[in-house]
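Structure below is entry-v4.pdb: PDB, C-alpha atoms.
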```pdb
ATOM      1  CA  MET A1260     108.088  99.723 102.565
ATOM      2  CA  SER A1261     108.974  98.870  98.974
ATOM      3  CA  LEU A1262     112.335  99.888  97.574
ATOM      4  CA  LYS A1263     110.568 102.138  95.082
ATOM      5  CA  THR A1264     108.801 103.977  97.896
ATOM      6  CA  ARG A1265     111.963 104.174 100.011
ATOM      7  CA  LEU A1266     113.839 105.908  97.186
ATOM      8  CA  GLN A1267     111.364 108.769  97.317
ATOM      9  CA  GLN A1268     112.960 109.805 100.609
ATOM     10  CA  SER A1269     115.822 112.285 100.537
ATOM     11  CA  ASN A1270     118.230 110.382 102.783
ATOM     12  CA  ILE A1271     120.611 107.982 101.103
ATOM     13  CA  LEU A1272     120.007 104.215 101.232
ATOM     14  CA  VAL A1273     123.038 102.174 102.331
ATOM     15  CA  ALA A1274     122.862  98.616 100.975
ATOM     16  CA  PRO A1275     125.577  96.237 102.201
ATOM     17  CA  GLY A1276     126.657  93.302 100.109
ATOM     18  CA  VAL A1277     125.410  89.835 101.074
ATOM     19  CA  TYR A1278     125.803  86.433  99.476
ATOM     20  CA  ASP A1279     123.676  83.948 101.466
ATOM     21  CA  GLY A1280     121.050  83.602 104.160
ATOM     22  CA  LEU A1281     123.520  84.061 107.011
ATOM     23  CA  THR A1282     125.035  87.318 105.775
ATOM     24  CA  ALA A1283     121.560  88.600 104.851
ATOM     25  CA  SER A1284     120.249  87.893 108.340
ATOM     26  CA  LEU A1285     123.278  89.505 109.986
ATOM     27  CA  ALA A1286     122.939  92.637 107.843
ATOM     28  CA  ALA A1287     119.228  92.827 108.622
ATOM     29  CA  ALA A1288     119.945  92.480 112.347
ATOM     30  CA  ALA A1289     122.441  95.354 112.082
ATOM     31  CA  GLY A1290     119.574  97.624 111.025
ATOM     32  CA  PHE A1291     120.041  98.095 107.280
ATOM     33  CA  GLU A1292     116.963  98.884 105.196
ATOM     34  CA  ALA A1293     117.958  97.024 102.021
ATOM     35  CA  LEU A1294     120.537  94.508 100.826
ATOM     36  CA  TYR A1295     122.688  94.075  97.740
ATOM     37  CA  LEU A1296     123.166  90.566  96.357
ATOM     38  CA  SER A1297     126.483  90.834  94.572
ATOM     39  CA  GLY A1298     127.336  88.606  91.640
ATOM     40  CA  ALA A1299     130.985  89.068  92.551
ATOM     41  CA  ALA A1300     130.341  87.917  96.122
ATOM     42  CA  VAL A1301     128.498  84.828  94.891
ATOM     43  CA  SER A1302     131.361  84.023  92.529
ATOM     44  CA  TYR A1303     133.914  84.533  95.295
ATOM     45  CA  THR A1304     132.061  82.377  97.830
ATOM     46  CA  ARG A1305     130.155  79.708  95.904
ATOM     47  CA  LEU A1306     132.766  79.181  93.201
ATOM     48  CA  GLY A1307     135.945  80.437  94.840
ATOM     49  CA  ARG A1308     136.560  82.273  91.568
ATOM     50  CA  PRO A1309     136.990  85.888  90.421
ATOM     51  CA  ASP A1310     134.184  88.090  89.112
ATOM     52  CA  ILE A1311     134.656  87.388  85.399
ATOM     53  CA  GLY A1312     131.196  86.203  84.373
ATOM     54  CA  LEU A1313     131.388  82.618  85.637
ATOM     55  CA  THR A1314     128.194  82.597  87.703
ATOM     56  CA  ALA A1315     124.993  81.343  86.082
ATOM     57  CA  VAL A1316     121.588  82.991  86.222
ATOM     58  CA  THR A1317     120.166  79.961  88.043
ATOM     59  CA  GLU A1318     122.873  80.124  90.729
ATOM     60  CA  MET A1319     122.010  83.776  91.343
ATOM     61  CA  ALA A1320     118.256  83.095  91.369
ATOM     62  CA  ASP A1321     118.709  80.193  93.798
ATOM     63  CA  THR A1322     120.751  82.410  96.105
ATOM     64  CA  MET A1323     118.131  85.157  95.879
ATOM     65  CA  ALA A1324     115.383  82.719  96.867
ATOM     66  CA  LEU A1325     117.347  81.550  99.926
ATOM     67  CA  ILE A1326     117.880  85.155 101.028
ATOM     68  CA  ALA A1327     114.214  86.014 100.517
ATOM     69  CA  ASP A1328     113.338  83.045 102.726
ATOM     70  CA  ARG A1329     115.516  84.512 105.488
ATOM     71  CA  THR A1330     114.662  88.224 105.404
ATOM     72  CA  GLU A1331     111.876  90.495 104.205
ATOM     73  CA  LEU A1332     114.221  93.370 103.388
ATOM     74  CA  PRO A1333     114.225  94.532  99.759
ATOM     75  CA  VAL A1334     117.133  93.115  97.794
ATOM     76  CA  ILE A1335     118.937  94.695  94.853
ATOM     77  CA  ILE A1336     120.363  91.839  92.794
ATOM     78  CA  ASP A1337     123.201  91.883  90.298
ATOM     79  CA  ALA A1338     121.904  90.739  86.920
ATOM     80  CA  ASP A1339     125.274  91.158  85.177
ATOM     81  CA  THR A1340     124.556  91.645  81.460
ATOM     82  CA  GLY A1341     121.179  89.928  81.691
ATOM     83  CA  PHE A1342     123.119  86.742  80.834
ATOM     84  CA  GLY A1343     122.805  87.256  77.090
ATOM     85  CA  ASN A1344     120.660  89.294  74.719
ATOM     86  CA  ALA A1345     117.370  91.085  75.364
ATOM     87  CA  LEU A1346     115.416  87.829  75.520
ATOM     88  CA  ASN A1347     117.861  86.411  78.056
ATOM     89  CA  ALA A1348     117.486  89.622  80.045
ATOM     90  CA  GLN A1349     113.725  89.137  80.071
ATOM     91  CA  ARG A1350     114.131  85.607  81.408
ATOM     92  CA  THR A1351     116.491  86.928  84.057
ATOM     93  CA  MET A1352     113.853  89.457  85.088
ATOM     94  CA  ARG A1353     111.211  86.735  85.453
ATOM     95  CA  LEU A1354     113.514  84.388  87.381
ATOM     96  CA  TYR A1355     114.760  87.067  89.751
ATOM     97  CA  GLU A1356     111.307  88.516  90.381
ATOM     98  CA  ARG A1357     109.910  85.094  91.252
ATOM     99  CA  ALA A1358     112.883  84.570  93.571
ATOM    100  CA  GLY A1359     112.008  87.755  95.466
ATOM    101  CA  ALA A1360     114.232  90.517  94.072
ATOM    102  CA  SER A1361     113.125  94.137  94.416
ATOM    103  CA  ALA A1362     115.538  95.586  91.833
ATOM    104  CA  LEU A1363     117.729  94.219  89.056
ATOM    105  CA  GLN A1364     121.017  95.837  88.089
ATOM    106  CA  VAL A1365     121.951  95.243  84.443
ATOM    107  CA  GLU A1366     125.097  96.478  82.719
ATOM    108  CA  ASP A1367     126.347  97.275  79.227
ATOM    109  CA  GLN A1368     129.423  95.057  79.137
ATOM    110  CA  THR A1369     129.860  92.262  76.635
ATOM    111  CA  TYR A1370     129.239  88.722  77.857
ATOM    112  CA  PRO A1371     131.036  87.248  79.718
ATOM    113  CA  LYS A1372     131.499  90.382  81.801
ATOM    114  CA  ARG A1373     134.124  91.191  84.396
ATOM    115  CA  CYS A1374     134.248  93.186  87.609
ATOM    116  CA  GLY A1375     133.700  96.881  86.979
ATOM    117  CA  HIS A1376     137.003  97.687  88.676
ATOM    118  CA  LEU A1377     139.100  95.300  86.562
ATOM    119  CA  ALA A1378     140.876  96.462  83.412
ATOM    120  CA  ASP A1379     140.184  95.529  79.777
ATOM    121  CA  LYS A1380     136.385  95.606  79.853
ATOM    122  CA  SER A1381     134.429  95.831  76.594
ATOM    123  CA  LEU A1382     130.949  97.169  75.898
ATOM    124  CA  ILE A1383     127.970  96.350  73.728
ATOM    125  CA  PRO A1384     126.494  99.169  71.601
ATOM    126  CA  ALA A1385     124.405 101.640  73.565
ATOM    127  CA  ASP A1386     121.247 100.926  71.569
ATOM    128  CA  GLU A1387     121.586  97.195  72.309
ATOM    129  CA  MET A1388     121.764  97.942  76.024
ATOM    130  CA  ALA A1389     118.792 100.307  75.728
ATOM    131  CA  GLY A1390     116.878  97.442  74.138
ATOM    132  CA  LYS A1391     117.677  95.216  77.116
ATOM    133  CA  VAL A1392     116.283  97.862  79.464
ATOM    134  CA  ARG A1393     113.053  98.069  77.435
ATOM    135  CA  ALA A1394     112.808  94.277  77.266
ATOM    136  CA  MET A1395     113.192  93.929  81.023
ATOM    137  CA  ALA A1396     110.566  96.608  81.619
ATOM    138  CA  ASP A1397     108.163  94.673  79.389
ATOM    139  CA  ALA A1398     108.877  91.417  81.234
ATOM    140  CA  ARG A1399     108.497  92.528  84.853
ATOM    141  CA  SER A1400     105.303  91.488  86.573
ATOM    142  CA  SER A1401     105.290  94.411  89.028
ATOM    143  CA  GLN A1402     106.013  98.085  88.518
ATOM    144  CA  GLU A1403     107.522  97.999  92.008
ATOM    145  CA  THR A1404     110.445  95.978  90.619
ATOM    146  CA  LEU A1405     113.127  98.471  89.627
ATOM    147  CA  ILE A1406     115.597  98.356  86.745
ATOM    148  CA  ILE A1407     119.031  99.752  87.571
ATOM    149  CA  ALA A1408     120.954 100.500  84.378
ATOM    150  CA  ARG A1409     124.718 100.406  84.802
ATOM    151  CA  THR A1410     127.286 101.675  82.326
ATOM    152  CA  ASP A1411     130.959 100.742  82.465
ATOM    153  CA  ALA A1412     131.879 103.269  79.778
ATOM    154  CA  ILE A1413     134.150 105.530  81.847
ATOM    155  CA  ALA A1414     137.028 103.047  81.693
ATOM    156  CA  VAL A1415     136.371 102.075  78.065
ATOM    157  CA  GLU A1416     135.062 105.085  76.143
ATOM    158  CA  GLY A1417     135.576 107.957  78.564
ATOM    159  CA  PHE A1418     133.515 110.037  80.947
ATOM    160  CA  GLN A1419     131.360 111.867  78.398
ATOM    161  CA  ALA A1420     130.467 108.615  76.660
ATOM    162  CA  ALA A1421     129.309 107.247  80.001
ATOM    163  CA  ILE A1422     127.065 110.289  80.490
ATOM    164  CA  ASP A1423     125.638 109.886  76.977
ATOM    165  CA  ARG A1424     124.964 106.198  77.521
ATOM    166  CA  ALA A1425     123.284 106.881  80.858
ATOM    167  CA  GLU A1426     121.001 109.418  79.173
ATOM    168  CA  GLU A1427     119.976 106.834  76.593
ATOM    169  CA  TYR A1428     119.291 104.191  79.233
ATOM    170  CA  LEU A1429     117.205 106.662  81.208
ATOM    171  CA  GLU A1430     115.131 107.445  78.129
ATOM    172  CA  SER A1431     114.652 103.690  77.600
ATOM    173  CA  GLY A1432     112.985 103.250  80.975
ATOM    174  CA  ALA A1433     115.697 102.758  83.602
ATOM    175  CA  ASP A1434     114.435 103.516  87.107
ATOM    176  CA  VAL A1435     117.905 104.076  88.608
ATOM    177  CA  LEU A1436     121.259 104.959  87.015
ATOM    178  CA  PHE A1437     124.584 103.426  88.012
ATOM    179  CA  ILE A1438     127.636 104.951  86.331
ATOM    180  CA  GLU A1439     130.368 102.536  87.360
ATOM    181  CA  ALA A1440     133.892 103.362  88.506
ATOM    182  CA  PRO A1441     134.142 107.174  88.529
ATOM    183  CA  GLN A1442     137.836 107.924  88.879
ATOM    184  CA  SER A1443     137.716 111.042  91.063
ATOM    185  CA  GLN A1444     135.577 113.085  93.399
ATOM    186  CA  GLU A1445     135.114 115.511  90.507
ATOM    187  CA  GLN A1446     133.529 112.789  88.378
ATOM    188  CA  LEU A1447     131.283 111.689  91.238
ATOM    189  CA  THR A1448     130.153 115.292  91.646
ATOM    190  CA  GLU A1449     129.583 115.861  87.929
ATOM    191  CA  ILE A1450     127.446 112.731  87.586
ATOM    192  CA  ALA A1451     125.238 113.981  90.388
ATOM    193  CA  ARG A1452     125.086 117.486  88.908
ATOM    194  CA  ILE A1453     123.737 116.079  85.645
ATOM    195  CA  PHE A1454     121.313 113.453  86.943
ATOM    196  CA  ALA A1455     120.411 114.074  90.600
ATOM    197  CA  GLY A1456     116.806 115.208  90.898
ATOM    198  CA  ARG A1457     115.934 113.509  87.605
ATOM    199  CA  VAL A1458     116.530 109.884  88.600
ATOM    200  CA  PRO A1459     117.925 108.039  91.648
ATOM    201  CA  LEU A1460     121.683 107.510  91.396
ATOM    202  CA  LEU A1461     123.636 104.541  92.729
ATOM    203  CA  ALA A1462     127.284 104.713  93.814
ATOM    204  CA  ASN A1463     129.496 101.670  94.277
ATOM    205  CA  MET A1464     132.217 101.611  96.919
ATOM    206  CA  VAL A1465     134.917  98.989  96.333
ATOM    207  CA  GLU A1466     137.886  98.958  98.679
ATOM    208  CA  GLY A1467     140.978  99.199  96.481
ATOM    209  CA  GLY A1468     138.900  99.904  93.354
ATOM    210  CA  ALA A1469     138.974 102.760  90.852
ATOM    211  CA  THR A1470     136.585 105.067  92.738
ATOM    212  CA  PRO A1471     137.769 107.019  95.789
ATOM    213  CA  ILE A1472     136.070 105.640  98.883
ATOM    214  CA  THR A1473     133.397 108.134  99.898
ATOM    215  CA  GLY A1474     131.102 107.942 102.906
ATOM    216  CA  ALA A1475     127.338 107.771 102.688
ATOM    217  CA  ASP A1476     126.895 111.281 104.125
ATOM    218  CA  ASP A1477     129.153 112.827 101.487
ATOM    219  CA  LEU A1478     127.434 110.909  98.679
ATOM    220  CA  GLU A1479     124.040 112.021  99.961
ATOM    221  CA  ALA A1480     125.236 115.619  99.957
ATOM    222  CA  LYS A1481     126.289 115.219  96.333
ATOM    223  CA  GLY A1482     122.833 113.885  95.402
ATOM    224  CA  TYR A1483     123.184 110.102  95.359
ATOM    225  CA  SER A1484     120.232 107.964  96.463
ATOM    226  CA  ILE A1485     121.897 104.555  96.995
ATOM    227  CA  VAL A1486     125.377 103.436  97.966
ATOM    228  CA  ILE A1487     126.356  99.778  97.817
ATOM    229  CA  PHE A1488     129.303  98.001  99.437
ATOM    230  CA  PRO A1489     129.058  94.775  97.429
ATOM    231  CA  GLY A1490     132.170  92.802  98.306
ATOM    232  CA  GLY A1491     133.201  94.221 101.655
ATOM    233  CA  ILE A1492     131.777  91.327 103.631
ATOM    234  CA  VAL A1493     133.708  88.791 101.543
ATOM    235  CA  ARG A1494     136.949  90.702 101.977
ATOM    236  CA  ALA A1495     136.344  90.867 105.738
ATOM    237  CA  ILE A1496     135.428  87.195 106.071
ATOM    238  CA  GLY A1497     138.146  86.133 103.638
ATOM    239  CA  ARG A1498     140.883  87.783 105.646
ATOM    240  CA  THR A1499     139.527  86.355 108.895
ATOM    241  CA  ALA A1500     139.266  82.889 107.330
ATOM    242  CA  VAL A1501     142.897  82.971 106.176
ATOM    243  CA  GLU A1502     144.010  83.828 109.710
ATOM    244  CA  TYR A1503     141.683  81.225 111.233
ATOM    245  CA  TYR A1504     142.931  78.360 109.058
ATOM    246  CA  GLU A1505     146.551  79.358 109.584
ATOM    247  CA  SER A1506     145.984  79.404 113.362
ATOM    248  CA  LEU A1507     144.258  76.022 113.379
ATOM    249  CA  ARG A1508     146.970  74.451 111.222
ATOM    250  CA  GLN A1509     149.760  75.817 113.404
ATOM    251  CA  ASN A1510     148.148  75.157 116.779
ATOM    252  CA  GLY A1511     145.995  72.094 116.245
ATOM    253  CA  SER A1512     143.217  73.803 118.194
ATOM    254  CA  ASN A1513     140.892  76.786 118.026
ATOM    255  CA  ARG A1514     141.854  77.972 121.508
ATOM    256  CA  PRO A1515     144.234  80.724 120.305
ATOM    257  CA  PHE A1516     141.487  82.049 118.026
ATOM    258  CA  ALA A1517     138.590  81.723 120.461
ATOM    259  CA  ASP A1518     138.260  85.449 121.180
ATOM    260  CA  ARG A1519     137.772  86.122 117.454
ATOM    261  CA  MET A1520     134.939  83.686 116.809
ATOM    262  CA  PHE A1521     131.515  82.677 118.101
ATOM    263  CA  ASP A1522     131.365  79.571 120.216
ATOM    264  CA  PHE A1523     128.599  77.023 119.594
ATOM    265  CA  ASN A1524     126.041  78.809 121.741
ATOM    266  CA  GLY A1525     126.992  82.238 120.470
ATOM    267  CA  LEU A1526     126.309  81.325 116.854
ATOM    268  CA  ASN A1527     123.048  79.631 117.785
ATOM    269  CA  ASP A1528     121.973  82.844 119.508
ATOM    270  CA  VAL A1529     122.737  84.873 116.390
ATOM    271  CA  ILE A1530     120.829  82.611 114.015
ATOM    272  CA  GLY A1531     117.863  82.186 116.376
ATOM    273  CA  THR A1532     118.063  78.459 117.035
ATOM    274  CA  ALA A1533     116.108  78.542 120.311
ATOM    275  CA  ASP A1534     113.257  80.554 118.773
ATOM    276  CA  MET A1535     112.961  78.177 115.823
ATOM    277  CA  LEU A1536     112.942  75.098 118.029
ATOM    278  CA  ALA A1537     110.261  76.671 120.238
ATOM    279  CA  LYS A1538     108.179  77.451 117.161
ATOM    280  CA  GLY A1539     108.484  73.849 116.018
ATOM    281  CA  VAL A1540     107.335  72.595 119.390
ATOM    282  CA  ALA A1541     104.341  74.947 119.278
ATOM    283  CA  TYR A1542     103.280  73.506 115.928
ATOM    284  CA  ASP A1543     103.640  70.005 117.323
ATOM    285  CA  ARG A1544     100.999  70.745 119.970
ATOM    286  CA  ASN A1545      97.328  70.523 119.111
ATOM    287  CA  ASP A1546      95.707  73.269 121.165
ATOM    288  CA  SER A1547      92.654  73.673 118.970
TER     289      SER A1547
END
```
Rewrite the coordinates I just gave you, this time as structure tokens.
Amino acid sequence: MSLKTRLQQSNILVAPGVYDGLTASLAAAAGFEALYLSGAAVSYTRLGRPDIGLTAVTEMADTMALIADRTELPVIIDADTGFGNALNAQRTMRLYERAGASALQVEDQTYPKRCGHLADKSLIPADEMAGKVRAMADARSSQETLIIARTDAIAVEGFQAAIDRAEEYLESGADVLFIEAPQSQEQLTEIARIFAGRVPLLANMVEGGATPITGADDLEAKGYSIVIFPGGIVRAIGRTAVEYYESLRQNGSNRPFADRMFDFNGLNDVIGTADMLAKGVAYDRNDS
């Protein structure tokens, strides 16, 4: 089922954040229907740096291709600002589509951007962002590839400005709207009151961010179609990694940590080593 078709269903789509083939395969095995490739997560893991616009379009496209090689689930990919002007946004669309993305999320921050839950963001004019949306629509090779238009205006220009910008992006051809960082349940509800039923809405849950953490069931009841948890996996793994390295340094062995990690065979079971080796052996035989 394509992402576009899935969004015609009434039940909300929960898309966990992933950043490589391993996390994508684990999320798929857990039973999720779609994945979210977070630019922040790639910056955190590949660069060890914050989400302040340091990742390159090619790094994101390469990561997308590796994930598409590991799972057939539809992937929503963070396109940041399109990595430049409307022409750059078109190139981003072509690169990401070829890499296997099902939807591109593009935002109206200036470049370089920063995490939507950090302070001191700045925005491009609304008509410039609307032009990026139109340019990306012209560049996509398949109408199944969705454009998710994100506005960060709540923190910069206020709630009403964010609503006005979202309206303009919708008129310009956005397939999904993402109004970033609502500051209360009332704002989450008002966004849905205005747009639900007209266009799929995406909500972003960031632990410790500006938006109150809200469960998928409650967001569905409000009228949201997608909820993403982009950086949760990095925060979970990051905390575990800190504790693991501290334990290894203090103890000189992994024995005290053994009940919190896979052993060699356990990880091989998770990633399907035996099945892949058997497949290789089958190709080695000539049974024709």
Using only C-alpha atoms, find all polymer residues with an atom at most 9 Å away from the point (123.2, 107.5, 97.6); report them as a ChimeraX atom specification.
/A:1270-1273,1459-1462,1475-1487
Target residues per the PyMOL selection byres ((chain A and resi 1263) around 10), formatted as a PDB file with C-alpha atoms, in the frame of the given file:
```
ATOM      1  CA  MET A1260     108.088  99.723 102.565  1.00  0.00           C
ATOM      2  CA  SER A1261     108.974  98.870  98.974  1.00  0.00           C
ATOM      3  CA  LEU A1262     112.335  99.888  97.574  1.00  0.00           C
ATOM      4  CA  THR A1264     108.801 103.977  97.896  1.00  0.00           C
ATOM      5  CA  ARG A1265     111.963 104.174 100.011  1.00  0.00           C
ATOM      6  CA  LEU A1266     113.839 105.908  97.186  1.00  0.00           C
ATOM      7  CA  GLN A1267     111.364 108.769  97.317  1.00  0.00           C
ATOM      8  CA  GLN A1268     112.960 109.805 100.609  1.00  0.00           C
ATOM      9  CA  PRO A1333     114.225  94.532  99.759  1.00  0.00           C
ATOM     10  CA  SER A1361     113.125  94.137  94.416  1.00  0.00           C
ATOM     11  CA  ALA A1362     115.538  95.586  91.833  1.00  0.00           C
ATOM     12  CA  GLN A1402     106.013  98.085  88.518  1.00  0.00           C
ATOM     13  CA  GLU A1403     107.522  97.999  92.008  1.00  0.00           C
ATOM     14  CA  THR A1404     110.445  95.978  90.619  1.00  0.00           C
ATOM     15  CA  LEU A1405     113.127  98.471  89.627  1.00  0.00           C
ATOM     16  CA  ASP A1434     114.435 103.516  87.107  1.00  0.00           C
ATOM     17  CA  VAL A1435     117.905 104.076  88.608  1.00  0.00           C
TER      18      VAL A1435
END
```
When you look at Gly1341 in chain A with a cut-off of 10 Å (counting all atoms listed in the file), what residues show up, excluding the ones that are within fewer than 2 positions of it in the same chain? I need them as a list in words.
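Everything that qualifies: Val1316, Asp1337, Ala1338, Asp1339, Gly1343, Asn1344, Ala1345, Leu1346, Asn1347, Ala1348, Gln1349, Arg1350, Thr1351, Met1352, Leu1363, Gln1364, Val1365, Glu1366, Asp1367, Tyr1370, Met1388, Lys1391, Val1392 and Met1395 of chain A.
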Selected by the PyMOL selection byres ((chain A and resi 1304) around 12) in the shown coordinates: which residues, as number ranges by chain?
A: 1277-1279, 1282, 1297-1303, 1305-1310, 1314, 1318, 1322, 1490, 1492-1494, 1496-1497, 1500
Keeping only C-alpha atoms, write those residues as a PDB file, keeping the file's coordinate frame.
```pdb
ATOM      1  CA  VAL A1277     125.410  89.835 101.074  1.00  0.00           C
ATOM      2  CA  TYR A1278     125.803  86.433  99.476  1.00  0.00           C
ATOM      3  CA  ASP A1279     123.676  83.948 101.466  1.00  0.00           C
ATOM      4  CA  THR A1282     125.035  87.318 105.775  1.00  0.00           C
ATOM      5  CA  SER A1297     126.483  90.834  94.572  1.00  0.00           C
ATOM      6  CA  GLY A1298     127.336  88.606  91.640  1.00  0.00           C
ATOM      7  CA  ALA A1299     130.985  89.068  92.551  1.00  0.00           C
ATOM      8  CA  ALA A1300     130.341  87.917  96.122  1.00  0.00           C
ATOM      9  CA  VAL A1301     128.498  84.828  94.891  1.00  0.00           C
ATOM     10  CA  SER A1302     131.361  84.023  92.529  1.00  0.00           C
ATOM     11  CA  TYR A1303     133.914  84.533  95.295  1.00  0.00           C
ATOM     12  CA  ARG A1305     130.155  79.708  95.904  1.00  0.00           C
ATOM     13  CA  LEU A1306     132.766  79.181  93.201  1.00  0.00           C
ATOM     14  CA  GLY A1307     135.945  80.437  94.840  1.00  0.00           C
ATOM     15  CA  ARG A1308     136.560  82.273  91.568  1.00  0.00           C
ATOM     16  CA  PRO A1309     136.990  85.888  90.421  1.00  0.00           C
ATOM     17  CA  ASP A1310     134.184  88.090  89.112  1.00  0.00           C
ATOM     18  CA  THR A1314     128.194  82.597  87.703  1.00  0.00           C
ATOM     19  CA  GLU A1318     122.873  80.124  90.729  1.00  0.00           C
ATOM     20  CA  THR A1322     120.751  82.410  96.105  1.00  0.00           C
ATOM     21  CA  GLY A1490     132.170  92.802  98.306  1.00  0.00           C
ATOM     22  CA  ILE A1492     131.777  91.327 103.631  1.00  0.00           C
ATOM     23  CA  VAL A1493     133.708  88.791 101.543  1.00  0.00           C
ATOM     24  CA  ARG A1494     136.949  90.702 101.977  1.00  0.00           C
ATOM     25  CA  ILE A1496     135.428  87.195 106.071  1.00  0.00           C
ATOM     26  CA  GLY A1497     138.146  86.133 103.638  1.00  0.00           C
ATOM     27  CA  ALA A1500     139.266  82.889 107.330  1.00  0.00           C
TER      28      ALA A1500
END
```
So that I can see what lies close to range 1427-1429 of chain A, please list as a list in words the residues with an atom at most 10 Å from it, counting all atoms listed in the file and leaving out residues fewer than 2 positions away in the same chain.
Asp1367, Ala1385, Asp1386, Met1388, Ala1389, Gly1390, Lys1391, Val1392, Arg1393, Ile1407, Ala1408, Arg1409, Thr1410, Ala1421, Ile1422, Asp1423, Arg1424, Ala1425, Ser1431, Gly1432, Ala1433, Asp1434, Val1435, Leu1436, Phe1454, Arg1457 and Val1458 of chain A
Figure out the distance between CA of Gly1456 in chain A and CA of Val1334 in chain A, please, to one decimal in Å.
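Distance between the two atoms: 23.1 Å.
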Can you measure CA of Glu1416 in chain A to CA of Lys1380 in chain A for me? One decimal in Å is fine.
10.3 Å
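With distances taken over all atoms listed in the file, A:Ser1284 is the one residue among A:Ser1284, A:Thr1369, A:Ser1506, A:Thr1448 lying closest to Ala1327 in chain A.
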A:Met1319, A:Ala1517, A:Ala1283, A:Ala1358 ranked by distance to Leu1332 in chain A, top pick (using all atoms listed in the file)
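For Leu1332 in chain A, the nearest of the given residues is A:Ala1283.
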N, CA and C atoms restored at range 1365-1381 of chain A, emitted as a PDB file, in the coordinates of the input:
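Result went into out.pdb, see below:
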```pdb
ATOM      1  N   VAL A1365     121.471  95.809  85.696  1.00  0.00           N
ATOM      2  CA  VAL A1365     121.951  95.243  84.443  1.00  0.00           C
ATOM      3  C   VAL A1365     122.966  96.196  83.832  1.00  0.00           C
ATOM      4  N   GLU A1366     123.986  95.652  83.186  1.00  0.00           N
ATOM      5  CA  GLU A1366     125.097  96.478  82.719  1.00  0.00           C
ATOM      6  C   GLU A1366     125.348  96.298  81.230  1.00  0.00           C
ATOM      7  N   ASP A1367     126.135  97.231  80.680  1.00  0.00           N
ATOM      8  CA  ASP A1367     126.347  97.275  79.227  1.00  0.00           C
ATOM      9  C   ASP A1367     127.670  96.670  78.785  1.00  0.00           C
ATOM     10  N   GLN A1368     128.240  95.780  79.581  1.00  0.00           N
ATOM     11  CA  GLN A1368     129.423  95.057  79.137  1.00  0.00           C
ATOM     12  C   GLN A1368     129.035  93.943  78.170  1.00  0.00           C
ATOM     13  N   THR A1369     130.038  93.471  77.430  1.00  0.00           N
ATOM     14  CA  THR A1369     129.860  92.262  76.635  1.00  0.00           C
ATOM     15  C   THR A1369     129.822  91.065  77.580  1.00  0.00           C
ATOM     16  N   TYR A1370     129.328  89.947  77.048  1.00  0.00           N
ATOM     17  CA  TYR A1370     129.239  88.722  77.857  1.00  0.00           C
ATOM     18  C   TYR A1370     130.281  87.724  77.379  1.00  0.00           C
ATOM     19  N   PRO A1371     131.067  87.112  78.265  1.00  0.00           N
ATOM     20  CA  PRO A1371     131.036  87.248  79.718  1.00  0.00           C
ATOM     21  C   PRO A1371     131.640  88.562  80.189  1.00  0.00           C
ATOM     22  N   LYS A1372     131.049  89.106  81.254  1.00  0.00           N
ATOM     23  CA  LYS A1372     131.499  90.382  81.801  1.00  0.00           C
ATOM     24  C   LYS A1372     132.662  90.167  82.766  1.00  0.00           C
ATOM     25  N   ARG A1373     133.155  91.272  83.316  1.00  0.00           N
ATOM     26  CA  ARG A1373     134.124  91.191  84.396  1.00  0.00           C
ATOM     27  C   ARG A1373     133.859  92.303  85.398  1.00  0.00           C
ATOM     28  N   CYS A1374     134.442  92.182  86.575  1.00  0.00           N
ATOM     29  CA  CYS A1374     134.248  93.186  87.609  1.00  0.00           C
ATOM     30  C   CYS A1374     134.462  94.585  87.057  1.00  0.00           C
ATOM     31  N   GLY A1375     133.612  95.516  87.477  1.00  0.00           N
ATOM     32  CA  GLY A1375     133.700  96.881  86.979  1.00  0.00           C
ATOM     33  C   GLY A1375     134.968  97.594  87.336  1.00  0.00           C
ATOM     34  N   HIS A1376     135.758  97.048  88.273  1.00  0.00           N
ATOM     35  CA  HIS A1376     137.003  97.687  88.676  1.00  0.00           C
ATOM     36  C   HIS A1376     138.218  96.910  88.187  1.00  0.00           C
ATOM     37  N   LEU A1377     138.006  95.957  87.262  1.00  0.00           N
ATOM     38  CA  LEU A1377     139.100  95.300  86.562  1.00  0.00           C
ATOM     39  C   LEU A1377     139.333  95.992  85.221  1.00  0.00           C
ATOM     40  N   ALA A1378     140.525  95.838  84.693  1.00  0.00           N
ATOM     41  CA  ALA A1378     140.876  96.462  83.412  1.00  0.00           C
ATOM     42  C   ALA A1378     140.372  95.619  82.246  1.00  0.00           C
ATOM     43  N   ASP A1379     140.448  96.215  81.046  1.00  0.00           N
ATOM     44  CA  ASP A1379     140.184  95.529  79.777  1.00  0.00           C
ATOM     45  C   ASP A1379     138.744  95.062  79.634  1.00  0.00           C
ATOM     46  N   LYS A1380     137.797  95.887  80.091  1.00  0.00           N
ATOM     47  CA  LYS A1380     136.385  95.606  79.853  1.00  0.00           C
ATOM     48  C   LYS A1380     136.042  95.981  78.417  1.00  0.00           C
ATOM     49  N   SER A1381     134.946  95.427  77.904  1.00  0.00           N
ATOM     50  CA  SER A1381     134.429  95.831  76.594  1.00  0.00           C
ATOM     51  C   SER A1381     132.914  95.964  76.689  1.00  0.00           C
TER      52      SER A1381
END
```
